[in-house]
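**Q** Shown below is the structure under consideration.
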Amino acid sequence: MWPQVGYFIQVTVARAYVRVIGAQRELSWLIGDTLLPLLSVVGYVLVYRAMKAPPEYTGFVILGGVLMTFWAHMLWSMGLQLFWEKEMGNLARYLMAPLPRPALLLGMALGGIVMTTSRALVIYIASRFLFKIHFNVSQPWLALAVFLMTLASLYGMGMALSSLFFMAGRGANYGMQAIFEPVVFLGGFYFPINRLGFVVASASAALIPTTLGLDALRQTMFNSRQIGFLAPEVELGALAVMSVIFVWLSVFAVRKMEELGRAHGKLIAKEQ
Amino acid sequence: MYSIETIELRRTFRLERAARKEGRGRELVAVDDVSLQVKPGELFGLLGPNGAGKTTIIRILCTLLSPTAGRALVEGFDVVKETQQVRRLINSVSGGETCGYGILNARENLRLFTELYGIPWKVAKPRVDFMLKVTGLDKYAGTRTNRLSTGLRQRMNFARGFTTDPKVLFLDEPTVGLDVHSALDVRRFIKGWLAEHPEKTILLTTHYMAEADELCDRIAIIDNGKVQTCAPPDELKKMVQKETALELTLAGHAPVPNEWQQAGGVVKLSSSQDSENQTTHLHILLDNAAASGNFIRIVARDGRQLVDLRTIQPTLEDVFLKLTGRSLAEDTTKTGEEPE
C-alpha cells in the first residue's frame, strides 16, 4: 500500500516538475500569457467605465481575467497535452512504464496550477495596481474554498479532456478553437452570469466549472450577493460534485484511451 | 522459460480509404504468424528492410500495441493480460527518437524517466551519471536539451533506455541517424553492457546487416511480416557459402533487362541507382565463381559501360537476397498504414 502511494507521489511530482521549472526558465510567457490577457481586461474595464457601470464591475472583470488564464491553460495545456506528448515521443515512454496513469494526469494538473497561478497573480496584481480595486471580502474562507474547488473541478475537467481529446485526434484542436470565444461569452468571464437568464446560466454552469466559481468569487469578494446566480455555498457544493465526477471520468477515460490506442495502434506518432 | 516468446503472433491494420481505393484490400498484415523464442542473456536480432514488421513486433512486446491474434510473452508474462508485470521489466530505445522535454536539461530528463519507474534518486543518480559519461553527454548534463543537437538528443535517448536497468531491453534501429563514430560507440556499449550483465536480454531490430552480424547471437530474417529464417549469423552465412557475390557498377540509369536475371548461374540479382554519380549498382549472387565471366560478357554485349567490378564474400545481405529476392535497402513500407 505505502510503496504504491510513494510511487504515485513520485510520478506526480516528477511530471509536475516539468511545468514548474518550465515556468521559471521560459520567461517569454510573461508577454504571451500575461500581457495579452491583461489587455483584454483593460479593454473591458474601460468599456464598463465609459458606460458608468458600478465600480465593482471593474473587480468582476479582473476576477474574470484571472480565471480566464486558468481556463485557457486548462484547455490548451491540459486538454491537448497527451496529444502533444504523443507528437514529442513522450507518450509511448509514459505508457510503457508501469506508472499509475492518474498520477501522470495529476502531475500535469498540479504543475499547471502552479505555473498558471504565477501568471494569474501577475494579471491580478497589475490590474489592482492599474485600477485601484477595493475588495469587500465578507467570507474569506468561503472565497478561498471556492477558488480551490474551482481549480479542482477545472483541472479535473482538464484531466478528463486530455484523454477524450486524444481519442478525438487532431479534430479536437480545431473544435477547441471554434468553441473558445463562445465559452468566454457563455461562461460570463467579463460580466455576471445571471445576465444571461436562468436557462443559459444553468447550462453554462453545468458544463463550465469557472462559471460557478467566478459567480461565487464575485459574490464573496465584493459582498454583492444580489448579482449572484446561486448562493456561493450551493455553488461550492456543486463544484465539489463536479470535481469528483471529472476526476472519476479522467481515470475512466485514460484507461479507455490506452485500451483503444493499443487496439488501433494510435499511441505512437506516425513518424516515430 | 524464454525471456521473450511470441506464439503465432499476428497483427493487422485496417487500411485507410485512399489505400483501399487503390485496390490494396481492406487490411494490411504487418506481422504474420511470427513464432520466436529468445533465451535469457541472448542478444537477438530482427533483420529486415523498412516495412518488414520489426517495429510492430517490438511495439507489441512493449505493450504499446495489441496483437490481432497469437500471444507474446516477456519473462513468462503475457503482454496483453499481464501488462504491468511486463512493464516493470522492460525498456526500449528507438533510433532517431528525441523524446524528453526541451525545457529540462539532459540530467533532469534522465531523472524524470527513472522516476516513472519508481526508482529512488539515490539509486538512479549513479546510473544517470554513468550513462551521461558513457554517451559523452557529461559535458552537456546541465544544458537544456532544446539547445542540444539532434545527435546529442539521440544519445540522451539511448542513455534513457539503460538508466532503468531493464531485464529485457528492446533496441529498435538504435544507430539510425547516428554518425559512424557514434554508431560504433553505441555498438561497443551494447556488447559491453551485455557482457557485464549476462542475465539481461536484448532484442535488436536493424536493417544494417553489419550491425546484426557484429552484435547478434541469433538473427531472425523478417520480410513482409513473416520470419524467413532464424539462426546464428555464421549459420545464416553458410546458406550462401557455395555462392559467389558480385558487385557491379554500371554507367547510367538504364533499366536492368530481365534477361540478366535469368542468365546462367545467377541465383538472385538486385539493383539500385546512384543519382549523384549517375550509376547503377548491381548485386548479384551467383551459384559458382565461373558464372561471373559469363555474366560480365552479357553486360558488355548489351553495350553497358562497366565502371567498377568486385567479388565479395557473401554476407547477410546475400542471405536476405537469396531468401526474399530483394535487397535489404528496398523499402517495403506502404502508405496509408500503421508505420513500420
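Residues in the C-alpha cells are numbered from 1 in each chain, the chains being A, B, ... in the order shown, and ligands are numbered from 1 in the order shown.
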Can you list, as a PyMOL selection string, every residue of range 83-262 of chain A that DSSP puts in alpha helix (DSSP H)?

**A** chain A and resi 83-88+90-95+101-131+140-168+171-186+198-207+209-221+232-262

**Q** Take the residues just selected and output them with C-alpha atoms as a CSV table (one decimal), in the first residue's frame.

**A**
```csv
chain,number,residue,atom,x,y,z
A,83,PHE,CA,-1.7,14.7,-28.0
A,84,TRP,CA,1.4,16.8,-27.7
A,85,GLU,CA,3.1,14.2,-25.6
A,86,LYS,CA,2.5,11.7,-28.4
A,87,GLU,CA,3.9,14.1,-31.0
A,88,MET,CA,7.0,14.6,-28.9
A,90,ASN,CA,6.9,11.0,-24.7
A,91,LEU,CA,3.5,9.3,-24.6
A,92,ALA,CA,4.9,5.9,-25.5
A,93,ARG,CA,7.6,6.3,-22.8
A,94,TYR,CA,4.9,7.0,-20.2
A,95,LEU,CA,2.6,4.3,-21.3
A,101,ARG,CA,-1.9,6.8,-15.1
A,102,PRO,CA,-3.9,9.1,-12.8
A,103,ALA,CA,-0.6,10.1,-11.2
A,104,LEU,CA,0.6,11.3,-14.5
A,105,LEU,CA,-2.5,13.4,-15.1
A,106,LEU,CA,-2.4,14.7,-11.6
A,107,GLY,CA,1.2,15.8,-12.1
A,108,MET,CA,0.2,17.6,-15.3
A,109,ALA,CA,-2.6,19.3,-13.4
A,110,LEU,CA,-0.7,20.3,-10.3
A,111,GLY,CA,2.3,21.6,-12.3
A,112,GLY,CA,-0.2,23.5,-14.5
A,113,ILE,CA,-1.9,25.0,-11.5
A,114,VAL,CA,1.5,26.2,-10.0
A,115,MET,CA,2.6,27.6,-13.4
A,116,THR,CA,-0.7,29.3,-14.1
A,117,THR,CA,-1.1,30.7,-10.6
A,118,SER,CA,2.0,32.7,-11.1
A,119,ARG,CA,0.6,34.1,-14.4
A,120,ALA,CA,-2.8,34.8,-12.8
A,121,LEU,CA,-1.1,36.6,-9.9
A,122,VAL,CA,0.7,38.9,-12.3
A,123,ILE,CA,-2.6,39.8,-14.0
A,124,TYR,CA,-4.3,40.3,-10.7
A,125,ILE,CA,-1.6,42.5,-9.2
A,126,ALA,CA,-1.1,44.5,-12.3
A,127,SER,CA,-4.9,45.1,-12.6
A,128,ARG,CA,-5.2,46.1,-9.0
A,129,PHE,CA,-2.4,48.5,-9.4
A,130,LEU,CA,-3.8,50.0,-12.5
A,131,PHE,CA,-7.4,50.3,-11.4
A,140,PRO,CA,-12.6,34.9,3.2
A,141,TRP,CA,-12.6,31.1,4.0
A,142,LEU,CA,-15.5,30.6,1.7
A,143,ALA,CA,-13.8,32.6,-1.0
A,144,LEU,CA,-10.6,30.5,-0.6
A,145,ALA,CA,-12.6,27.3,-0.6
A,146,VAL,CA,-14.5,28.3,-3.8
A,147,PHE,CA,-11.2,29.3,-5.5
A,148,LEU,CA,-9.5,26.0,-4.7
A,149,MET,CA,-12.6,23.9,-5.6
A,150,THR,CA,-12.9,25.8,-8.9
A,151,LEU,CA,-9.3,24.8,-9.7
A,152,ALA,CA,-10.0,21.2,-8.6
A,153,SER,CA,-13.1,20.9,-10.9
A,154,LEU,CA,-11.4,22.8,-13.7
A,155,TYR,CA,-8.3,20.7,-13.7
A,156,GLY,CA,-10.3,17.6,-13.1
A,157,MET,CA,-12.1,18.5,-16.3
A,158,GLY,CA,-8.7,19.0,-18.0
A,159,MET,CA,-7.5,15.6,-16.9
A,160,ALA,CA,-10.6,14.0,-18.4
A,161,LEU,CA,-10.4,16.1,-21.6
A,162,SER,CA,-6.8,15.1,-22.2
A,163,SER,CA,-7.8,11.5,-22.9
A,164,LEU,CA,-11.0,12.4,-24.7
A,165,PHE,CA,-9.3,14.9,-26.9
A,166,PHE,CA,-6.5,12.4,-27.6
A,167,MET,CA,-9.2,9.9,-28.8
A,168,ALA,CA,-10.8,12.6,-30.9
A,171,GLY,CA,-10.2,17.4,-34.8
A,172,ALA,CA,-10.2,18.3,-31.1
A,173,ASN,CA,-7.7,21.1,-31.7
A,174,TYR,CA,-9.9,22.7,-34.3
A,175,GLY,CA,-13.1,22.1,-32.2
A,176,MET,CA,-11.5,23.9,-29.3
A,177,GLN,CA,-10.5,26.9,-31.3
A,178,ALA,CA,-14.1,27.1,-32.6
A,179,ILE,CA,-15.7,27.0,-29.1
A,180,PHE,CA,-13.2,29.1,-27.3
A,181,GLU,CA,-14.9,32.5,-27.8
A,182,PRO,CA,-18.5,31.3,-27.3
A,183,VAL,CA,-17.3,29.7,-24.0
A,184,VAL,CA,-15.8,33.1,-22.9
A,185,PHE,CA,-19.2,34.6,-23.5
A,186,LEU,CA,-21.4,31.9,-22.1
A,198,PHE,CA,-31.6,31.2,-15.7
A,199,VAL,CA,-31.7,28.7,-18.5
A,200,VAL,CA,-28.5,29.8,-20.2
A,201,ALA,CA,-26.7,30.4,-16.9
A,202,SER,CA,-27.7,26.9,-15.7
A,203,ALA,CA,-26.5,25.2,-18.9
A,204,SER,CA,-23.2,27.2,-18.7
A,205,ALA,CA,-22.8,26.3,-15.0
A,206,ALA,CA,-23.4,22.6,-15.7
A,207,LEU,CA,-20.7,22.5,-18.4
A,209,PRO,CA,-16.7,24.9,-13.9
A,210,THR,CA,-15.4,28.5,-14.0
A,211,THR,CA,-19.0,29.8,-14.4
A,212,LEU,CA,-20.0,28.8,-10.8
A,213,GLY,CA,-16.5,29.5,-9.4
A,214,LEU,CA,-16.5,33.0,-10.8
A,215,ASP,CA,-20.0,33.7,-9.7
A,216,ALA,CA,-19.3,32.6,-6.2
A,217,LEU,CA,-16.0,34.5,-6.0
A,218,ARG,CA,-17.6,37.7,-7.2
A,219,GLN,CA,-20.3,37.3,-4.5
A,220,THR,CA,-17.8,36.6,-1.7
A,221,MET,CA,-15.1,39.0,-2.7
A,232,PRO,CA,-22.0,30.7,-3.0
A,233,GLU,CA,-22.4,27.8,-0.6
A,234,VAL,CA,-24.5,26.0,-3.2
A,235,GLU,CA,-22.0,26.7,-5.9
A,236,LEU,CA,-19.2,25.4,-3.7
A,237,GLY,CA,-21.1,22.2,-3.3
A,238,ALA,CA,-21.8,21.9,-7.0
A,239,LEU,CA,-18.1,22.5,-7.7
A,240,ALA,CA,-17.2,19.7,-5.3
A,241,VAL,CA,-19.6,17.3,-7.1
A,242,MET,CA,-18.2,18.4,-10.5
A,243,SER,CA,-14.6,17.7,-9.2
A,244,VAL,CA,-15.5,14.2,-8.2
A,245,ILE,CA,-17.3,13.5,-11.5
A,246,PHE,CA,-14.4,14.9,-13.6
A,247,VAL,CA,-11.7,13.0,-11.7
A,248,TRP,CA,-13.6,9.8,-12.0
A,249,LEU,CA,-14.2,10.5,-15.6
A,250,SER,CA,-10.5,11.2,-16.1
A,251,VAL,CA,-9.5,7.8,-14.6
A,252,PHE,CA,-12.0,6.0,-16.8
A,253,ALA,CA,-11.1,8.0,-19.9
A,254,VAL,CA,-7.3,7.4,-19.6
A,255,ARG,CA,-7.9,3.7,-19.3
A,256,LYS,CA,-10.2,3.7,-22.3
A,257,MET,CA,-7.8,5.8,-24.3
A,258,GLU,CA,-5.0,3.4,-23.7
A,259,GLU,CA,-7.1,0.4,-24.4
A,260,LEU,CA,-8.3,1.9,-27.7
A,261,GLY,CA,-4.9,3.2,-28.6
A,262,ARG,CA,-3.3,-0.2,-28.2
```

**Q** Excluding Lys237 in chain B and any residue of its chain fewer than 4 positions from it, enumerate the residues within 7 Å of it, using only C-alpha atoms, and give them as a PyMOL selection string.

**A** chain B and resi 233+241+314-316+319

**Q** With 6 Å as the limit and counting only C-alpha atoms, what residues in chain B lie close to chain A? Please list them as a PDB file with N, CA and C atoms, in the first residue's frame.

**A**
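Everything below was put into part.pdb:
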```pdb
ATOM      1  N   LEU B  64       2.593  -1.574 -26.209  1.00  0.00           N
ATOM      2  CA  LEU B  64       2.020  -0.367 -26.811  1.00  0.00           C
ATOM      3  C   LEU B  64       1.024  -0.691 -27.919  1.00  0.00           C
ATOM      4  N   LEU B  65       0.963  -1.944 -28.280  1.00  0.00           N
ATOM      5  CA  LEU B  65       0.097  -2.363 -29.382  1.00  0.00           C
ATOM      6  C   LEU B  65      -0.434  -3.763 -29.065  1.00  0.00           C
ATOM      7  N   SER B  66      -1.723  -3.954 -29.311  1.00  0.00           N
ATOM      8  CA  SER B  66      -2.289  -5.284 -29.050  1.00  0.00           C
ATOM      9  C   SER B  66      -2.106  -6.161 -30.276  1.00  0.00           C
ATOM     10  N   GLN B  84       1.270  -4.889 -16.575  1.00  0.00           N
ATOM     11  CA  GLN B  84       2.042  -4.220 -15.521  1.00  0.00           C
ATOM     12  C   GLN B  84       3.309  -5.007 -15.179  1.00  0.00           C
ATOM     13  N   ARG B  87       5.779  -4.419 -17.949  1.00  0.00           N
ATOM     14  CA  ARG B  87       6.328  -3.058 -17.969  1.00  0.00           C
ATOM     15  C   ARG B  87       7.408  -2.839 -16.917  1.00  0.00           C
ATOM     16  N   ARG B  88       7.315  -3.555 -15.813  1.00  0.00           N
ATOM     17  CA  ARG B  88       8.333  -3.401 -14.768  1.00  0.00           C
ATOM     18  C   ARG B  88       9.687  -3.941 -15.230  1.00  0.00           C
ATOM     19  N   CYS B  99      12.870  11.940 -27.495  1.00  0.00           N
ATOM     20  CA  CYS B  99      11.845  12.251 -26.505  1.00  0.00           C
ATOM     21  C   CYS B  99      12.440  13.056 -25.349  1.00  0.00           C
ATOM     22  N   ILE B 103      12.789  21.890 -22.274  1.00  0.00           N
ATOM     23  CA  ILE B 103      12.961  22.869 -21.202  1.00  0.00           C
ATOM     24  C   ILE B 103      13.818  22.300 -20.066  1.00  0.00           C
ATOM     25  N   LEU B 112      13.795  12.246 -14.780  1.00  0.00           N
ATOM     26  CA  LEU B 112      12.342  12.111 -14.964  1.00  0.00           C
ATOM     27  C   LEU B 112      11.990  10.687 -15.397  1.00  0.00           C
ATOM     28  N   LEU B 116       9.645   7.620 -13.439  1.00  0.00           N
ATOM     29  CA  LEU B 116       8.444   6.967 -13.963  1.00  0.00           C
ATOM     30  C   LEU B 116       8.420   5.483 -13.597  1.00  0.00           C
ATOM     31  N   GLY B 118       9.606   4.496 -10.651  1.00  0.00           N
ATOM     32  CA  GLY B 118       9.625   4.445  -9.191  1.00  0.00           C
ATOM     33  C   GLY B 118      11.012   4.238  -8.599  1.00  0.00           C
ATOM     34  N   PRO B 339       2.714   2.781 -39.180  1.00  0.00           N
ATOM     35  CA  PRO B 339       4.125   2.872 -39.535  1.00  0.00           C
ATOM     36  C   PRO B 339       4.881   1.619 -39.157  1.00  0.00           C
TER      37      PRO B 339
END
```

**Q** Report as a PyMOL selection string: the residues of range 68-247 of chain B with a DSSP assignment of strand (DSSP E or B), based on the backbone of this structure.

**A** chain B and resi 69-74+77-78+90-94+105+144+168-172+201-206+218-223+226-231+244-247

**Q** Work out how far CA of Thr164 in chain B is from CA of Thr114 in chain B, in Å to one decimal.

**A**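 According to the coordinates, CA of Thr114 in chain B and CA of Thr164 in chain B are separated by 5.7 Å.
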
**Q** Would you compute the distance between CA of Leu306 in chain B and CA of Asn258 in chain B? Give it in Å to one decimal.

**A**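 Going from CA of Leu306 in chain B over to CA of Asn258 in chain B, I get 18.3 Å.
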
**Q** Might you pull out every residue within 8 Å of Glu27 in chain B, with only C-alpha atoms counted and same-chain residues fewer than 3 positions away left off, and present them as a PDB file with N, CA and C atoms, in the first residue's frame?

**A**
```pdb
ATOM      1  N   THR B  12      -2.717  -7.064 -37.747  1.00  0.00           N
ATOM      2  CA  THR B  12      -3.180  -6.472 -38.998  1.00  0.00           C
ATOM      3  C   THR B  12      -3.627  -5.041 -38.718  1.00  0.00           C
ATOM      4  N   PHE B  13      -3.601  -4.226 -39.746  1.00  0.00           N
ATOM      5  CA  PHE B  13      -4.088  -2.846 -39.642  1.00  0.00           C
ATOM      6  C   PHE B  13      -5.110  -2.604 -40.741  1.00  0.00           C
ATOM      7  N   ARG B  14      -6.151  -1.894 -40.353  1.00  0.00           N
ATOM      8  CA  ARG B  14      -7.150  -1.533 -41.349  1.00  0.00           C
ATOM      9  C   ARG B  14      -6.550  -0.441 -42.224  1.00  0.00           C
ATOM     10  N   LEU B  15      -6.645  -0.612 -43.518  1.00  0.00           N
ATOM     11  CA  LEU B  15      -6.053   0.382 -44.422  1.00  0.00           C
ATOM     12  C   LEU B  15      -6.938   1.614 -44.533  1.00  0.00           C
ATOM     13  N   ARG B  24      -5.813  -2.119 -52.672  1.00  0.00           N
ATOM     14  CA  ARG B  24      -4.850  -2.867 -51.873  1.00  0.00           C
ATOM     15  C   ARG B  24      -5.537  -3.676 -50.772  1.00  0.00           C
TER      16      ARG B  24
END
```

**Q** Show which residues sit within 7 Å of Asp172 in chain B, as a list in words. Count only C-alpha atoms, and ignore same-chain residues fewer than 4 positions away.

**A** Thr55, Val93, Ser94, Gly95, Leu204, Thr205 and Thr206 of chain B

**Q** Would you mind listing what lies within 7 Å of range 278-288 of chain B as an MDAnalysis selection string, with only C-alpha atoms counted and same-chain residues fewer than 6 positions away left out?

**A** chainID B and resid 242:253 265:272 318

**Q** Generate a file of the selected residues that holds N, CA and C atoms, formatted as a CSV table (one decimal), in the first residue's frame.

**A**
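Result written to part-v1.csv:
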```
chain,number,residue,atom,x,y,z
B,242,LYS,N,28.3,-21.4,-50.7
B,242,LYS,CA,28.6,-22.0,-52.0
B,242,LYS,C,28.5,-20.9,-53.1
B,243,GLU,N,27.8,-19.9,-52.8
B,243,GLU,CA,27.6,-18.9,-53.9
B,243,GLU,C,28.7,-17.9,-53.9
B,244,THR,N,28.8,-17.1,-55.0
B,244,THR,CA,29.7,-16.0,-55.1
B,244,THR,C,28.9,-14.7,-55.2
B,245,ALA,N,29.3,-13.7,-54.5
B,245,ALA,CA,28.6,-12.4,-54.6
B,245,ALA,C,29.5,-11.5,-55.5
B,246,LEU,N,28.8,-10.9,-56.4
B,246,LEU,CA,29.5,-10.0,-57.4
B,246,LEU,C,28.8,-8.6,-57.3
B,247,GLU,N,29.6,-7.6,-57.2
B,247,GLU,CA,29.1,-6.2,-57.2
B,247,GLU,C,29.6,-5.5,-58.5
B,248,LEU,N,28.7,-5.0,-59.2
B,248,LEU,CA,29.0,-4.3,-60.5
B,248,LEU,C,28.5,-2.8,-60.4
B,249,THR,N,29.2,-1.9,-60.9
B,249,THR,CA,28.7,-0.5,-61.0
B,249,THR,C,28.7,-0.2,-62.5
B,250,LEU,N,27.6,0.2,-63.0
B,250,LEU,CA,27.4,0.5,-64.5
B,250,LEU,C,27.2,2.0,-64.6
B,251,ALA,N,27.6,2.5,-65.7
B,251,ALA,CA,27.3,3.9,-66.0
B,251,ALA,C,25.9,4.1,-66.4
B,252,GLY,N,25.3,5.2,-66.0
B,252,GLY,CA,23.9,5.5,-66.4
B,252,GLY,C,22.9,4.8,-65.6
B,253,HIS,N,21.6,5.1,-66.0
B,253,HIS,CA,20.5,4.6,-65.2
B,253,HIS,C,19.6,3.7,-66.1
B,265,GLY,N,23.7,-19.3,-64.0
B,265,GLY,CA,24.4,-19.1,-62.8
B,265,GLY,C,23.9,-18.1,-61.8
B,266,VAL,N,23.0,-17.2,-62.3
B,266,VAL,CA,22.5,-16.1,-61.4
B,266,VAL,C,21.4,-16.7,-60.5
B,267,VAL,N,21.7,-16.6,-59.2
B,267,VAL,CA,20.7,-17.0,-58.2
B,267,VAL,C,19.7,-15.9,-57.9
B,268,LYS,N,20.3,-14.7,-57.6
B,268,LYS,CA,19.4,-13.6,-57.4
B,268,LYS,C,20.2,-12.3,-57.8
B,269,LEU,N,19.4,-11.3,-58.2
B,269,LEU,CA,20.0,-10.1,-58.6
B,269,LEU,C,19.2,-8.9,-58.1
B,270,SER,N,19.9,-7.9,-57.5
B,270,SER,CA,19.2,-6.7,-57.1
B,270,SER,C,19.9,-5.5,-57.6
B,271,SER,N,19.2,-4.4,-57.9
B,271,SER,CA,19.9,-3.2,-58.4
B,271,SER,C,19.4,-2.0,-57.7
B,272,SER,N,20.3,-1.0,-57.7
B,272,SER,CA,19.9,0.3,-57.1
B,272,SER,C,20.6,1.4,-57.9
B,318,ASP,N,23.3,-11.1,-48.7
B,318,ASP,CA,23.1,-12.1,-49.7
B,318,ASP,C,22.1,-13.2,-49.2
```

**Q** Just the residues within 10 Å of Met156 in chain B, please, counting only C-alpha atoms, with nothing from its chain fewer than 2 positions along; format it as a PyMOL selection string.

**A** chain B and resi 97-100+106-107+109-110+131-132+135-137+141+145+148+150-154+158-161

**Q** Would you pick out the contacts of Leu194 in chain B at 12 Å or less, using only C-alpha atoms, so that residues sharing its chain but fewer than 4 positions from it are not included, and give the list as a list of chain:residue names?

**A**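 Once the adjacent positions are removed, what remains is B:Pro40, B:Gly41, B:Glu42, B:Leu43, B:Phe44, B:Phe162, B:Asp165, B:Pro166, B:Lys167, B:Val168, B:Leu169, B:Arg187, B:Arg188, B:Phe189, B:Ile190, B:Pro198, B:Glu199, B:Lys200, B:Thr201, B:Ile202, B:Leu203, B:Leu215, B:Cys216, B:Asp217.
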
**Q** Restricted to N, CA and C atoms, what would the selected residues look like written as a CSV table (one decimal), in the first residue's frame?

**A**
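File again-v9.csv, as written:
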```csv
chain,number,residue,atom,x,y,z
B,40,PRO,N,17.2,-16.2,-22.2
B,40,PRO,CA,17.8,-15.2,-21.3
B,40,PRO,C,19.2,-15.0,-21.6
B,41,GLY,N,19.7,-13.7,-21.6
B,41,GLY,CA,21.1,-13.4,-21.9
B,41,GLY,C,21.4,-13.3,-23.3
B,42,GLU,N,20.5,-13.5,-24.2
B,42,GLU,CA,20.7,-13.5,-25.6
B,42,GLU,C,20.6,-12.1,-26.2
B,43,LEU,N,21.4,-11.8,-27.2
B,43,LEU,CA,21.2,-10.6,-28.0
B,43,LEU,C,20.6,-11.1,-29.3
B,44,PHE,N,19.3,-10.9,-29.5
B,44,PHE,CA,18.6,-11.5,-30.6
B,44,PHE,C,18.3,-10.4,-31.6
B,162,PHE,N,18.8,2.7,-20.7
B,162,PHE,CA,19.6,1.8,-19.8
B,162,PHE,C,19.5,2.3,-18.3
B,165,ASP,N,17.7,0.1,-15.8
B,165,ASP,CA,18.3,-1.2,-15.6
B,165,ASP,C,17.3,-2.3,-16.0
B,166,PRO,N,16.8,-2.3,-17.2
B,166,PRO,CA,15.7,-3.3,-17.5
B,166,PRO,C,16.2,-4.7,-17.6
B,167,LYS,N,15.4,-5.6,-17.4
B,167,LYS,CA,15.7,-7.0,-17.5
B,167,LYS,C,15.8,-7.4,-19.0
B,168,VAL,N,14.8,-6.8,-19.7
B,168,VAL,CA,14.7,-7.0,-21.2
B,168,VAL,C,14.7,-5.7,-21.9
B,169,LEU,N,15.6,-5.5,-22.8
B,169,LEU,CA,15.7,-4.2,-23.5
B,169,LEU,C,15.4,-4.4,-25.0
B,187,ARG,N,27.4,0.5,-30.6
B,187,ARG,CA,27.5,-1.0,-30.7
B,187,ARG,C,28.5,-1.5,-29.7
B,188,ARG,N,29.5,-0.8,-29.4
B,188,ARG,CA,30.5,-1.2,-28.4
B,188,ARG,C,29.9,-1.2,-27.0
B,189,PHE,N,29.1,-0.2,-26.7
B,189,PHE,CA,28.5,-0.2,-25.4
B,189,PHE,C,27.5,-1.3,-25.2
B,190,ILE,N,26.7,-1.6,-26.3
B,190,ILE,CA,25.7,-2.7,-26.2
B,190,ILE,C,26.4,-4.0,-25.9
B,198,PRO,N,25.1,-10.6,-17.9
B,198,PRO,CA,24.7,-11.7,-18.7
B,198,PRO,C,23.3,-12.2,-18.5
B,199,GLU,N,22.7,-11.7,-17.5
B,199,GLU,CA,21.3,-12.2,-17.2
B,199,GLU,C,20.3,-11.3,-18.0
B,200,LYS,N,20.7,-10.3,-18.6
B,200,LYS,CA,19.8,-9.4,-19.4
B,200,LYS,C,19.6,-9.9,-20.8
B,201,THR,N,18.5,-9.5,-21.4
B,201,THR,CA,18.2,-9.9,-22.8
B,201,THR,C,18.0,-8.7,-23.6
B,202,ILE,N,18.5,-8.7,-24.9
B,202,ILE,CA,18.3,-7.6,-25.8
B,202,ILE,C,17.6,-8.1,-27.1
B,203,LEU,N,16.6,-7.4,-27.5
B,203,LEU,CA,16.0,-7.7,-28.8
B,203,LEU,C,16.3,-6.5,-29.6
B,215,LEU,N,26.7,-7.9,-33.7
B,215,LEU,CA,26.2,-7.9,-32.4
B,215,LEU,C,25.4,-9.1,-32.0
B,216,CYS,N,24.7,-9.7,-32.9
B,216,CYS,CA,23.6,-10.7,-32.5
B,216,CYS,C,24.2,-12.1,-32.3
B,217,ASP,N,23.6,-12.8,-31.3
B,217,ASP,CA,23.8,-14.2,-31.1
B,217,ASP,C,23.0,-15.0,-32.1
```

**Q** Just give me the gap between CA of Arg127 in chain B and CA of Gly96 in chain B in Å, one decimal is fine.

**A** 22.6 Å
